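Participant: Just dropping this structure here.
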Amino acid sequence: MSSSSLSLIVLPCYLFLLLLSSCVPASGRLLRLRKPDPDDAAATARWLVSRNSWGVLSTISSDLEGAPFGNVVSFSDGPPGDGHGIPYFYLTTLDPTARDALKDERSSFTLSEFPLGTCGETDPENPTCAKLTLTGKLKLVDSQSTEAEFAQLALFSKHAEMKDWPEDHHFQIFKLDIEDIFLIDWFGGRKPLSPAQYLNPEKNRLLLESQA
């Protein structure tokens, strides 16, 4: 085999391995190269929550006489490769978001596809660059529950420095109990998606396939 022929074989393999390695973050989780089909709203929403590590959490401000207050926060829905769809947060009442939630649980959490780098040169407001807002109640998780154990694992596996945050800040785990889902991932307006469909994406995918 000539050297030129060998190069034609080796180069594509090298490029594939290079691309593959660029999709493996420090956590070791293999990230999907492409987002789900826009027709599969549940899969797209879960993909956004699984892939992102931060978003804007909005509460009813107790300091601003009930005005909405949005705050950039870190979150996780599960350990790498084991996302459950429920966003968990590690918050302190030294920050207004936690204080607000303890007085009025009504909250919304917004994510964008844009930080993931999969929108290319598309503007973040373009409908093809997916955006998701989960609305519901921001609840304190019982620190003695098995859910708290899972949530802590989820948060610390994605945000390692959290476990070293000051103890005297009294960080606590909160979760968003989802009541409504607003998803835009293509032209045509909001995608119909219930919390039940969101939390059971495989069942929703099978339903879509049966209707195809």
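How things are named: the first chain in the structure tokens is A, the next is B, and so on; residues count from 1 in each chain; ligands count from 1 in the order shown.
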What's the 7 Å shell around Pro195 (chain A), counting only C-alpha atoms, without same-chain residues fewer than 5 positions away, as a list in words?
Facilitator: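 So, after excluding close chain neighbours, the residues are Ile178, Glu179, Asp180 and Ile181 of chain A.
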Participant: Identify all residues of region 35-181 of chain A in strand (DSSP E or B) (DSSP on the backbone) and supply them as a PyMOL selection string.
Facilitator: chain A and resi 54-60+68-74+76+88-91+106-112+131-140+172-181
Participant: Taking the chain letters and numbering used in this document, name the residues of region 19-195 of chain A that DSSP puts in helix (DSSP H, G or I), as a compact mmCIF listing (two decimals) with N, CA and C atoms, in the first residue's frame.
Facilitator:
```txt
# COMPACT_ATOMS: atom_id res chain seq x y z
N LEU A 19 -12.23 14.64 17.10
CA LEU A 19 -13.57 15.15 17.34
C LEU A 19 -14.19 14.49 18.55
N LEU A 20 -14.00 13.17 18.67
CA LEU A 20 -14.57 12.44 19.78
C LEU A 20 -13.99 12.91 21.09
N SER A 21 -12.68 13.10 21.13
CA SER A 21 -12.04 13.52 22.38
C SER A 21 -12.47 14.92 22.78
N SER A 22 -12.80 15.76 21.81
CA SER A 22 -13.23 17.12 22.14
C SER A 22 -14.61 17.15 22.74
N ALA A 41 -39.84 17.13 21.66
CA ALA A 41 -39.71 18.21 22.63
C ALA A 41 -39.16 17.73 23.96
N ALA A 42 -39.61 16.57 24.42
CA ALA A 42 -39.16 16.06 25.71
C ALA A 42 -37.66 15.79 25.70
N ALA A 43 -37.17 15.16 24.63
CA ALA A 43 -35.75 14.85 24.53
C ALA A 43 -34.92 16.13 24.45
N THR A 44 -35.41 17.12 23.72
CA THR A 44 -34.69 18.39 23.60
C THR A 44 -34.59 19.10 24.95
N ALA A 45 -35.72 19.14 25.67
CA ALA A 45 -35.72 19.80 26.98
C ALA A 45 -34.78 19.10 27.95
N ARG A 46 -34.83 17.77 27.98
CA ARG A 46 -33.95 17.02 28.88
C ARG A 46 -32.48 17.17 28.48
N TRP A 47 -32.23 17.26 27.18
CA TRP A 47 -30.86 17.48 26.67
C TRP A 47 -30.32 18.82 27.15
N LEU A 48 -31.15 19.85 27.10
CA LEU A 48 -30.73 21.17 27.57
C LEU A 48 -30.40 21.16 29.05
N VAL A 49 -31.23 20.49 29.84
CA VAL A 49 -31.00 20.44 31.28
C VAL A 49 -29.77 19.60 31.61
N SER A 50 -29.58 18.52 30.90
CA SER A 50 -28.43 17.65 31.15
C SER A 50 -27.12 18.28 30.75
N ARG A 51 -27.13 19.00 29.62
CA ARG A 51 -25.89 19.56 29.08
C ARG A 51 -25.45 20.83 29.78
N PRO A 96 -30.16 36.61 47.90
CA PRO A 96 -31.61 36.86 47.89
C PRO A 96 -32.45 35.73 47.32
N THR A 97 -31.91 34.91 46.41
CA THR A 97 -32.73 33.87 45.78
C THR A 97 -33.29 32.90 46.80
N ALA A 98 -32.44 32.40 47.69
CA ALA A 98 -32.91 31.46 48.71
C ALA A 98 -33.89 32.15 49.67
N ARG A 99 -33.60 33.37 50.05
CA ARG A 99 -34.50 34.09 50.96
C ARG A 99 -35.87 34.26 50.32
N ASP A 100 -35.87 34.61 49.03
CA ASP A 100 -37.14 34.78 48.32
C ASP A 100 -37.94 33.48 48.32
N ALA A 101 -37.26 32.36 48.00
CA ALA A 101 -37.95 31.08 47.88
C ALA A 101 -38.57 30.63 49.20
N LEU A 102 -37.91 30.95 50.31
CA LEU A 102 -38.45 30.55 51.60
C LEU A 102 -39.69 31.35 51.98
N LYS A 103 -39.88 32.51 51.33
CA LYS A 103 -41.07 33.32 51.58
C LYS A 103 -42.16 33.10 50.53
N PHE A 114 -27.39 28.25 23.67
CA PHE A 114 -26.26 29.03 23.16
C PHE A 114 -24.94 28.75 23.90
N PRO A 115 -24.92 28.67 25.25
CA PRO A 115 -23.64 28.42 25.92
C PRO A 115 -23.01 27.08 25.56
N LEU A 116 -23.80 26.16 25.02
CA LEU A 116 -23.27 24.84 24.68
C LEU A 116 -22.43 24.86 23.41
N THR A 146 -33.21 10.65 51.33
CA THR A 146 -32.39 10.02 50.30
C THR A 146 -32.30 10.91 49.07
N GLU A 147 -33.31 11.75 48.86
CA GLU A 147 -33.25 12.70 47.74
C GLU A 147 -32.11 13.68 47.95
N ALA A 148 -31.89 14.10 49.19
CA ALA A 148 -30.79 15.03 49.48
C ALA A 148 -29.44 14.39 49.16
N GLU A 149 -29.31 13.10 49.44
CA GLU A 149 -28.08 12.38 49.12
C GLU A 149 -27.83 12.38 47.62
N PHE A 150 -28.90 12.08 46.85
CA PHE A 150 -28.78 12.08 45.40
C PHE A 150 -28.47 13.48 44.88
N ALA A 151 -29.16 14.48 45.40
CA ALA A 151 -28.97 15.86 44.94
C ALA A 151 -27.55 16.34 45.23
N GLN A 152 -27.03 16.00 46.40
CA GLN A 152 -25.66 16.41 46.72
C GLN A 152 -24.66 15.76 45.78
N LEU A 153 -24.85 14.47 45.50
CA LEU A 153 -23.99 13.78 44.55
C LEU A 153 -24.09 14.44 43.18
N ALA A 154 -25.31 14.77 42.78
CA ALA A 154 -25.53 15.41 41.48
C ALA A 154 -24.79 16.75 41.40
N LEU A 155 -24.92 17.56 42.43
CA LEU A 155 -24.31 18.89 42.43
C LEU A 155 -22.79 18.82 42.54
N PHE A 156 -22.29 18.02 43.46
CA PHE A 156 -20.84 17.98 43.69
C PHE A 156 -20.09 17.30 42.55
N SER A 157 -20.76 16.39 41.84
CA SER A 157 -20.10 15.73 40.71
C SER A 157 -19.97 16.67 39.51
N LYS A 158 -20.82 17.68 39.46
CA LYS A 158 -20.80 18.63 38.35
C LYS A 158 -20.11 19.94 38.73
N ALA A 160 -17.47 20.63 41.48
CA ALA A 160 -16.63 20.06 42.54
C ALA A 160 -16.29 21.05 43.66
N GLU A 161 -16.17 22.33 43.34
CA GLU A 161 -15.76 23.29 44.37
C GLU A 161 -16.85 23.54 45.41
N MET A 162 -18.09 23.16 45.10
CA MET A 162 -19.18 23.40 46.05
C MET A 162 -18.92 22.77 47.41
N LYS A 163 -18.33 21.58 47.42
CA LYS A 163 -18.13 20.89 48.70
C LYS A 163 -17.15 21.62 49.61
N ASP A 164 -16.42 22.58 49.08
CA ASP A 164 -15.47 23.35 49.88
C ASP A 164 -15.97 24.76 50.19
N GLU A 167 -18.68 26.63 55.43
CA GLU A 167 -19.75 26.01 56.22
C GLU A 167 -20.61 27.06 56.91
N ASP A 168 -20.00 28.19 57.30
CA ASP A 168 -20.78 29.20 58.02
C ASP A 168 -21.73 29.98 57.10
N HIS A 169 -21.72 29.65 55.79
CA HIS A 169 -22.70 30.24 54.88
C HIS A 169 -23.98 29.41 54.85
N PRO A 195 -45.15 18.41 32.17
CA PRO A 195 -44.13 17.88 33.08
C PRO A 195 -44.02 16.36 33.03
```
Participant: What does the distance between CA of Thr133 (chain A) and CA of Leu111 (chain A) come to in Å, to one decimal place?
Facilitator: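 The value is 6.4 Å.
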Participant: I'd like the neighbourhood of Asn71 (chain A) as a list in words, where a residue qualifies if any of its atoms comes within 10 Å (using only C-alpha atoms), though same-chain residues fewer than 2 positions away should be ignored.
Facilitator: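 Once the nearby chain positions are removed, what remains is Gly55, Val56, Leu57, Ser58, Thr59, Phe69, Val73, Ser74, Asp95, Pro96, Thr97 and Phe109 of chain A.
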Participant: Would you mind exporting the chosen residues as a compact mmCIF listing (two decimals), in the first residue's frame, restricted to all heavy atoms?
Facilitator:
```
# COMPACT_ATOMS: atom_id res chain seq x y z
N GLY A 55 -27.82 28.49 34.85
CA GLY A 55 -28.95 29.15 34.19
C GLY A 55 -29.37 30.35 35.01
O GLY A 55 -28.70 30.75 35.97
N VAL A 56 -30.53 30.92 34.66
CA VAL A 56 -31.06 32.09 35.39
C VAL A 56 -32.29 31.64 36.17
O VAL A 56 -33.29 31.21 35.59
CB VAL A 56 -31.41 33.24 34.43
CG1 VAL A 56 -32.04 34.39 35.21
CG2 VAL A 56 -30.18 33.71 33.69
N LEU A 57 -32.18 31.73 37.49
CA LEU A 57 -33.27 31.35 38.40
C LEU A 57 -33.97 32.62 38.87
O LEU A 57 -33.35 33.49 39.47
CB LEU A 57 -32.69 30.57 39.58
CG LEU A 57 -33.68 30.02 40.61
CD1 LEU A 57 -34.70 29.10 39.96
CD2 LEU A 57 -32.91 29.29 41.72
N SER A 58 -35.25 32.71 38.57
CA SER A 58 -36.03 33.91 38.90
C SER A 58 -37.01 33.63 40.02
O SER A 58 -37.69 32.61 40.03
CB SER A 58 -36.78 34.41 37.66
OG SER A 58 -35.87 34.75 36.63
N THR A 59 -37.07 34.57 40.96
CA THR A 59 -37.96 34.45 42.10
C THR A 59 -38.79 35.72 42.25
O THR A 59 -38.56 36.72 41.56
CB THR A 59 -37.14 34.23 43.39
OG1 THR A 59 -36.13 35.26 43.48
CG2 THR A 59 -36.46 32.87 43.38
N PHE A 69 -37.01 38.78 40.18
CA PHE A 69 -35.57 38.92 40.35
C PHE A 69 -34.88 37.69 39.77
O PHE A 69 -35.13 36.56 40.21
CB PHE A 69 -35.21 39.08 41.83
CG PHE A 69 -33.73 39.08 42.10
CD1 PHE A 69 -32.96 40.20 41.80
CD2 PHE A 69 -33.10 37.97 42.63
CE1 PHE A 69 -31.59 40.21 42.04
CE2 PHE A 69 -31.73 37.98 42.89
CZ PHE A 69 -30.98 39.09 42.59
N VAL A 73 -27.30 31.04 38.55
CA VAL A 73 -26.99 30.00 39.54
C VAL A 73 -26.48 28.74 38.84
O VAL A 73 -26.82 28.47 37.68
CB VAL A 73 -28.23 29.63 40.39
CG1 VAL A 73 -28.70 30.81 41.23
CG2 VAL A 73 -29.37 29.12 39.52
N SER A 74 -25.68 27.98 39.57
CA SER A 74 -25.27 26.67 39.10
C SER A 74 -26.33 25.64 39.50
O SER A 74 -27.07 25.85 40.47
CB SER A 74 -23.92 26.28 39.72
OG SER A 74 -22.91 27.20 39.35
N ASP A 95 -27.80 35.00 50.07
CA ASP A 95 -28.15 35.43 48.71
C ASP A 95 -29.66 35.60 48.63
O ASP A 95 -30.41 34.81 49.24
CB ASP A 95 -27.68 34.37 47.70
CG ASP A 95 -27.88 34.80 46.27
OD1 ASP A 95 -26.96 35.42 45.71
OD2 ASP A 95 -28.95 34.51 45.71
N PRO A 96 -30.16 36.61 47.90
CA PRO A 96 -31.61 36.86 47.89
C PRO A 96 -32.45 35.73 47.32
O PRO A 96 -33.62 35.59 47.70
CB PRO A 96 -31.74 38.13 47.05
CG PRO A 96 -30.47 38.25 46.29
CD PRO A 96 -29.41 37.63 47.15
N THR A 97 -31.91 34.91 46.41
CA THR A 97 -32.73 33.87 45.78
C THR A 97 -33.29 32.90 46.80
O THR A 97 -34.49 32.57 46.78
CB THR A 97 -31.91 33.12 44.71
OG1 THR A 97 -31.50 34.05 43.70
CG2 THR A 97 -32.72 32.02 44.07
N PHE A 109 -36.95 28.89 35.96
CA PHE A 109 -35.55 28.63 35.68
C PHE A 109 -35.36 28.57 34.18
O PHE A 109 -36.03 27.78 33.50
CB PHE A 109 -35.13 27.32 36.34
CG PHE A 109 -33.66 27.03 36.23
CD1 PHE A 109 -32.72 27.97 36.58
CD2 PHE A 109 -33.22 25.79 35.79
CE1 PHE A 109 -31.35 27.70 36.50
CE2 PHE A 109 -31.88 25.50 35.70
CZ PHE A 109 -30.94 26.45 36.05
```
Participant: Report the distance between CA of Asp185 (chain A) and CA of Pro38 (chain A) in Å, rounded to one decimal place.
Facilitator: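 If I compute the distance from CA of Asp185 (chain A) to CA of Pro38 (chain A), I get 5.9 Å.
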Participant: Do a neighbour search on His170 (chain A) at 10 Å with only C-alpha atoms, toss out local chain neighbours closer than 6 positions, and write the hits as a ChimeraX atom specification.
Facilitator: /A:90-94
Participant: Go ahead and save the picked residues with C-alpha atoms, as a PDB file, in the first residue's frame.
Facilitator:
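Saved result, selection.pdb, follows:
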```
ATOM      1  CA  TYR A  90     -27.018  24.735  46.309  1.00  0.00           C
ATOM      2  CA  LEU A  91     -28.104  28.043  47.831  1.00  0.00           C
ATOM      3  CA  THR A  92     -27.498  30.183  50.892  1.00  0.00           C
ATOM      4  CA  THR A  93     -29.846  32.693  52.500  1.00  0.00           C
ATOM      5  CA  LEU A  94     -26.996  35.183  52.323  1.00  0.00           C
TER       6      LEU A  94
END
```
Participant: Compare A:Ile173, A:Ile86, A:Ile184, A:Cys119 by their minimum atom-to-atom distance to Leu132 (chain A), counting only C-alpha atoms, and give me the closest one.
Facilitator: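 Smallest distance to Leu132 (chain A) is found for A:Ile184.
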